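File shown: my_file-v4.cif (mmCIF, C-alpha atoms).
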data_coords
loop_
_atom_site.label_atom_id
_atom_site.label_comp_id
_atom_site.auth_asym_id
_atom_site.auth_seq_id
_atom_site.Cartn_x
_atom_site.Cartn_y
_atom_site.Cartn_z
CA MET A 1 0.00 0.00 0.00
CA ASP A 2 1.67 3.24 -1.15
CA THR A 3 -0.05 5.87 0.94
CA LEU A 4 1.31 8.55 3.15
CA SER A 5 0.39 8.10 6.75
CA TYR A 6 1.17 10.53 9.50
CA LYS A 7 1.16 9.63 13.12
CA THR A 8 0.36 12.20 15.73
CA ILE A 9 3.32 12.54 18.04
CA SER A 10 2.29 12.94 21.67
CA ALA A 11 4.82 13.98 24.25
CA ASN A 12 5.13 12.06 27.49
CA LYS A 13 7.28 12.41 30.58
CA GLU A 14 10.28 10.73 28.92
CA THR A 15 10.15 12.55 25.57
CA ALA A 16 9.38 16.05 26.91
CA ASN A 17 12.50 18.19 26.68
CA LYS A 18 12.16 20.52 29.64
CA GLU A 19 14.54 23.46 29.84
CA TRP A 20 15.33 26.02 32.51
CA ILE A 21 14.52 29.63 31.58
CA VAL A 22 15.24 32.91 33.38
CA VAL A 23 12.81 35.78 32.87
CA ASP A 24 13.60 39.30 34.09
CA ALA A 25 10.43 41.04 35.30
CA THR A 26 11.95 44.52 35.52
CA ASP A 27 9.47 47.12 34.17
CA GLN A 28 7.19 44.41 32.74
CA ILE A 29 3.42 44.74 32.96
CA LEU A 30 2.07 42.08 35.34
CA GLY A 31 -0.67 40.54 33.20
CA ARG A 32 1.29 40.47 29.97
CA LEU A 33 4.29 38.93 31.70
CA CYS A 34 2.18 36.27 33.43
CA THR A 35 0.36 35.19 30.24
CA LYS A 36 3.69 34.48 28.57
CA VAL A 37 5.02 32.70 31.66
CA ALA A 38 1.87 30.56 31.81
CA LYS A 39 2.34 29.58 28.16
CA LEU A 40 6.00 28.71 28.85
CA LEU A 41 4.98 26.59 31.85
CA ARG A 42 2.34 24.84 29.78
CA GLY A 43 4.67 24.21 26.82
CA LYS A 44 2.55 26.02 24.25
CA TYR A 45 5.60 27.46 22.46
CA LYS A 46 6.94 23.97 21.68
CA PRO A 47 6.11 21.99 18.54
CA ASN A 48 5.39 18.81 20.52
CA PHE A 49 2.80 20.43 22.83
CA THR A 50 0.45 17.89 24.36
CA PRO A 51 -2.44 19.27 26.44
CA HIS A 52 -2.53 16.57 29.12
CA VAL A 53 1.24 16.30 29.75
CA ASP A 54 3.69 18.51 31.65
CA CYS A 55 5.91 19.32 28.67
CA GLY A 56 6.60 22.96 29.57
CA ASP A 57 9.77 24.57 30.83
CA ASN A 58 10.91 25.43 34.35
CA VAL A 59 10.68 29.21 34.63
CA ILE A 60 12.71 31.37 37.03
CA ILE A 61 11.39 34.92 37.44
CA ILE A 62 13.87 37.43 38.85
CA ASN A 63 13.28 41.05 39.93
CA ALA A 64 9.62 40.28 40.60
CA ASP A 65 9.34 43.26 42.92
CA LYS A 66 9.92 45.62 39.95
CA VAL A 67 6.81 44.53 38.05
CA LYS A 68 4.37 47.28 36.97
CA LEU A 69 0.61 47.70 36.75
CA THR A 70 -1.03 50.31 34.54
CA GLY A 71 -3.54 52.89 35.68
CA LYS A 72 -4.84 52.74 39.25
CA LYS A 73 -4.79 48.94 39.43
CA TRP A 74 -2.40 48.94 42.41
CA THR A 75 -5.24 50.23 44.59
CA ASP A 76 -8.46 49.60 42.62
CA ARG A 77 -8.07 45.92 41.67
CA ILE A 78 -9.41 43.62 44.38
CA TYR A 79 -8.60 39.97 45.03
CA TYR A 80 -10.94 38.06 47.32
CA THR A 81 -10.19 35.26 49.75
CA TYR A 82 -12.57 33.40 52.02
CA THR A 83 -11.63 31.98 55.40
CA GLY A 84 -14.47 29.46 55.50
CA TYR A 85 -16.26 31.17 58.38
CA PRO A 86 -19.36 33.41 58.20
CA GLY A 87 -18.28 36.95 57.41
CA GLY A 88 -14.82 35.70 56.49
CA GLN A 89 -14.56 37.22 53.03
CA ARG A 90 -11.38 39.30 52.79
CA GLU A 91 -10.28 41.84 50.21
CA HIS A 92 -6.69 42.33 49.09
CA THR A 93 -5.26 44.83 46.62
CA PRO A 94 -2.01 44.26 44.71
CA ALA A 95 -0.40 47.01 46.81
CA SER A 96 -1.36 45.28 50.07
CA ILE A 97 -0.10 41.92 48.79
CA MET A 98 3.23 43.43 47.71
CA ALA A 99 3.65 45.10 51.13
CA LYS A 100 3.75 41.71 52.88
CA LYS A 101 6.69 39.33 53.19
CA ASP A 102 7.30 37.50 49.85
CA GLY A 103 4.55 39.68 48.40
CA ALA A 104 5.87 39.69 44.84
CA GLU A 105 5.98 35.89 44.78
CA LYS A 106 2.43 35.64 46.17
CA LEU A 107 1.09 38.13 43.62
CA LEU A 108 2.76 36.49 40.60
CA ARG A 109 1.73 33.00 41.75
CA ARG A 110 -1.87 34.12 42.14
CA VAL A 111 -1.99 35.70 38.68
CA VAL A 112 -0.27 32.79 36.89
CA LYS A 113 -2.44 30.23 38.72
CA GLY A 114 -5.53 31.85 37.25
CA MET A 115 -4.12 31.33 33.75
CA LEU A 116 -3.35 27.61 34.16
CA PRO A 117 -5.80 24.69 33.98
CA LYS A 118 -7.93 24.22 37.09
CA ASN A 119 -6.93 20.59 37.73
CA ARG A 120 -4.04 18.47 39.01
CA LEU A 121 -1.94 19.29 35.95
CA GLY A 122 -2.27 23.02 36.63
CA ALA A 123 -1.10 22.52 40.21
CA ARG A 124 1.93 20.54 39.00
CA LEU A 125 2.76 23.18 36.39
CA LEU A 126 2.70 25.93 39.01
CA ASP A 127 5.42 24.06 40.92
CA ASN A 128 7.72 24.60 37.90
CA MET A 129 7.75 28.37 38.51
CA TYR A 130 10.32 29.96 40.83
CA VAL A 131 9.93 33.61 41.80
CA TYR A 132 12.67 35.79 43.34
CA GLU A 133 12.35 39.43 44.34
CA GLY A 134 16.01 40.24 43.68
CA SER A 135 18.29 39.52 40.76
CA GLU A 136 19.89 36.48 42.45
CA HIS A 137 18.52 32.94 42.27
CA LYS A 138 19.74 29.56 43.50
CA HIS A 139 19.35 27.57 40.27
CA GLU A 140 22.77 28.14 38.71
CA ALA A 141 23.46 24.39 38.74
CA GLN A 142 20.71 23.89 36.14
CA SER A 143 22.47 26.40 33.84
CA PRO A 144 19.28 28.30 32.93
CA LYS A 145 18.94 30.20 29.68
CA ALA A 146 18.05 33.91 29.92
CA ILE A 147 15.39 34.97 27.43
CA ASP A 148 13.75 38.24 26.44
CA ILE A 149 10.07 37.71 27.25
CA ASN A 150 9.06 40.55 24.89
CA LEU A 151 10.00 38.43 21.87
CA TYR A 152 7.20 35.94 22.64
CA LYS A 153 3.61 36.44 21.54
#

Spell out the structure here as structure tokens.
Amino acid sequence: MDTLSYKTISANKETANKEWIVVDATDQILGRLCTKVAKLLRGKYKPNFTPHVDCGDNVIIINADKVKLTGKKWTDRIYYTYTGYPGGQREHTPASIMAKKDGAEKLLRRVVKGMLPKNRLGARLLDNMYVYEGSEHKHEAQSPKAIDINLYK
């Protein structure tokens, strides 16, 4: 039989080529940065993207405390949490989150988590993101590759 047949290549844990990537968040807009980071974590920029497999990269975000928000979003945007008790709904603004200890990490994790799938895979993908407020990180042994996040769509 002389026909062309193409097989769909699906990535799995063994064939996924995961890399380590460093992203500098200095003067980046929060939402635009986090959408690109979420796509990197998911593996959407790779040709062998498979929706149900962790085939994305490990992303290190440095200078997370220098991220920007446009307009009055520092004070007007509201994130809600609920303690589980009656009357336990709490409001947090990005400015109040950043004022706390490890605030930049908490803010970026919250924003990226909303852009990942709401299942076990999304929780595993979020563990592949490392956020640091300064320019130093502890992943030099993995020899991460620094990229310009503005070159990605």

Hey, what comes out of the PyMOL selection byres ((chain A and resi 95) around 10) on this file? Could you write it as a PyMOL selection string?
chain A and resi 73-78+92-94+96-100+103-104+107

- Task: Give the answer as one residue: which of A:Asp127, A:Asp27, A:Asp102, A:Asp54 has the shortest atom-to-atom distance to Glu14 of chain A, using only C-alpha atoms?
- Result: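 Going through A:Asp127, A:Asp27, A:Asp102, A:Asp54 one by one, the smallest distance to Glu14 of chain A is for A:Asp54.
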
Fill in: Computed interatomic separation between atom CA of Glu140 of chain A and atom CA of Ala25 of chain A (Å)
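About the pair atom CA of Glu140 of chain A and atom CA of Ala25 of chain A: they are 18.2 Å apart.
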
Inset, instruction - Would you mind reading off the distance between atom CA of Asp24 of chain A and atom CA of Leu126 of chain A, one decimal, in Å? - result: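 Pair atom CA of Asp24 of chain A / atom CA of Leu126 of chain A returns 17.9 Å.
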
Counting only C-alpha atoms, the residue among A:Leu30, A:Val67, A:Leu151, A:Met129 that lies closest to Tyr45 of chain A is A:Leu151

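Nearest-residue note for Thr70 of chain A: choosing from A:Arg110, A:His52, A:Arg32, A:Arg124, the minimum distance belongs to A:Arg32, counting all atoms listed in the file.
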
query = Hey, can you check how far atom CA of Ala38 of chain A sits from atom CA of Gly84 of chain A?
reply =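 Pair atom CA of Ala38 of chain A / atom CA of Gly84 of chain A returns 28.8 Å.
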
Restricting to only C-alpha atoms, whichever of A:Thr3, A:Thr15, A:Asn63, A:Thr35 is closest to Glu136 of chain A is A:Asn63

Under the PyMOL selection byres ((chain A and resi 139) around 10), which residues of this model are included? Write them out as a list in words.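 That expression, the PyMOL selection byres ((chain A and resi 139) around 10), corresponds here to Trp20, Val22, Ile60, Tyr130, Glu136, His137, Lys138, Glu140, Ala141, Gln142, Ser143 and Pro144 of chain A.
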
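With all atoms listed in the file as the atoms that count, the minimum distance from Ala64 of chain A to the choices A:Thr50, A:Thr83, A:Ser135, A:Asn128 is reached by A:Ser135.
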
Which protein, DNA or RNA residues are at most 12 Å from (4.3, 27.4, 29.8) in the file's coordinates when you count all atoms listed in the file, listed as a compact mmCIF listing (two decimals) with C-alpha atoms, in the coordinates of the input?
# COMPACT_ATOMS: atom_id res chain seq x y z
CA LYS A 18 12.16 20.52 29.64
CA GLU A 19 14.54 23.46 29.84
CA TRP A 20 15.33 26.02 32.51
CA ILE A 21 14.52 29.63 31.58
CA LEU A 33 4.29 38.93 31.70
CA CYS A 34 2.18 36.27 33.43
CA THR A 35 0.36 35.19 30.24
CA LYS A 36 3.69 34.48 28.57
CA VAL A 37 5.02 32.70 31.66
CA ALA A 38 1.87 30.56 31.81
CA LYS A 39 2.34 29.58 28.16
CA LEU A 40 6.00 28.71 28.85
CA LEU A 41 4.98 26.59 31.85
CA ARG A 42 2.34 24.84 29.78
CA GLY A 43 4.67 24.21 26.82
CA LYS A 44 2.55 26.02 24.25
CA TYR A 45 5.60 27.46 22.46
CA LYS A 46 6.94 23.97 21.68
CA PHE A 49 2.80 20.43 22.83
CA THR A 50 0.45 17.89 24.36
CA PRO A 51 -2.44 19.27 26.44
CA VAL A 53 1.24 16.30 29.75
CA ASP A 54 3.69 18.51 31.65
CA CYS A 55 5.91 19.32 28.67
CA GLY A 56 6.60 22.96 29.57
CA ASP A 57 9.77 24.57 30.83
CA ASN A 58 10.91 25.43 34.35
CA VAL A 59 10.68 29.21 34.63
CA ILE A 60 12.71 31.37 37.03
CA VAL A 112 -0.27 32.79 36.89
CA LYS A 113 -2.44 30.23 38.72
CA MET A 115 -4.12 31.33 33.75
CA LEU A 116 -3.35 27.61 34.16
CA PRO A 117 -5.80 24.69 33.98
CA LEU A 121 -1.94 19.29 35.95
CA GLY A 122 -2.27 23.02 36.63
CA ARG A 124 1.93 20.54 39.00
CA LEU A 125 2.76 23.18 36.39
CA LEU A 126 2.70 25.93 39.01
CA ASP A 127 5.42 24.06 40.92
CA ASN A 128 7.72 24.60 37.90
CA MET A 129 7.75 28.37 38.51
CA TYR A 152 7.20 35.94 22.64

Of A:Ile61, A:Leu4, A:Ile9, A:Ala16, the one nearest to Gly134 of chain A when counting all atoms listed in the file is A:Ile61

Using the partial input, fill out segment 43-55 of chain A with N, CA, C and O atoms; write the result as a compact mmCIF listing (two decimals), in the coordinates of the input.
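Result file is out15.txt:
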# COMPACT_ATOMS: atom_id res chain seq x y z
N GLY A 43 3.98 24.80 27.96
CA GLY A 43 4.67 24.21 26.82
C GLY A 43 4.06 24.58 25.49
O GLY A 43 4.31 23.92 24.48
N LYS A 44 3.27 25.64 25.46
CA LYS A 44 2.55 26.02 24.25
C LYS A 44 3.46 26.53 23.14
O LYS A 44 3.07 26.55 21.98
N TYR A 45 4.67 26.97 23.48
CA TYR A 45 5.60 27.46 22.46
C TYR A 45 6.38 26.33 21.80
O TYR A 45 7.19 26.58 20.93
N LYS A 46 6.17 25.10 22.21
CA LYS A 46 6.94 23.97 21.68
C LYS A 46 6.15 23.24 20.60
O LYS A 46 4.92 23.18 20.67
N PRO A 47 6.83 22.68 19.62
CA PRO A 47 6.11 21.99 18.54
C PRO A 47 5.48 20.68 18.99
O PRO A 47 4.54 20.21 18.36
N ASN A 48 5.96 20.08 20.06
CA ASN A 48 5.39 18.81 20.52
C ASN A 48 4.46 19.03 21.71
O ASN A 48 4.38 18.18 22.61
N PHE A 49 3.71 20.14 21.74
CA PHE A 49 2.80 20.43 22.83
C PHE A 49 1.72 19.37 22.90
O PHE A 49 1.09 19.01 21.91
N THR A 50 1.51 18.86 24.10
CA THR A 50 0.45 17.89 24.36
C THR A 50 -0.35 18.41 25.55
O THR A 50 0.23 18.67 26.61
N PRO A 51 -1.67 18.57 25.41
CA PRO A 51 -2.44 19.27 26.44
C PRO A 51 -2.46 18.59 27.80
O PRO A 51 -2.56 19.26 28.82
N HIS A 52 -2.37 17.27 27.84
CA HIS A 52 -2.53 16.57 29.12
C HIS A 52 -1.21 16.16 29.76
O HIS A 52 -1.20 15.39 30.71
N VAL A 53 -0.07 16.69 29.25
CA VAL A 53 1.24 16.30 29.75
C VAL A 53 2.01 17.56 30.17
O VAL A 53 1.89 18.61 29.54
N ASP A 54 2.80 17.43 31.23
CA ASP A 54 3.69 18.51 31.65
C ASP A 54 4.90 18.52 30.74
O ASP A 54 5.90 17.88 31.01
N CYS A 55 4.80 19.25 29.62
CA CYS A 55 5.91 19.32 28.67
C CYS A 55 6.47 20.74 28.59
O CYS A 55 7.23 21.06 27.68
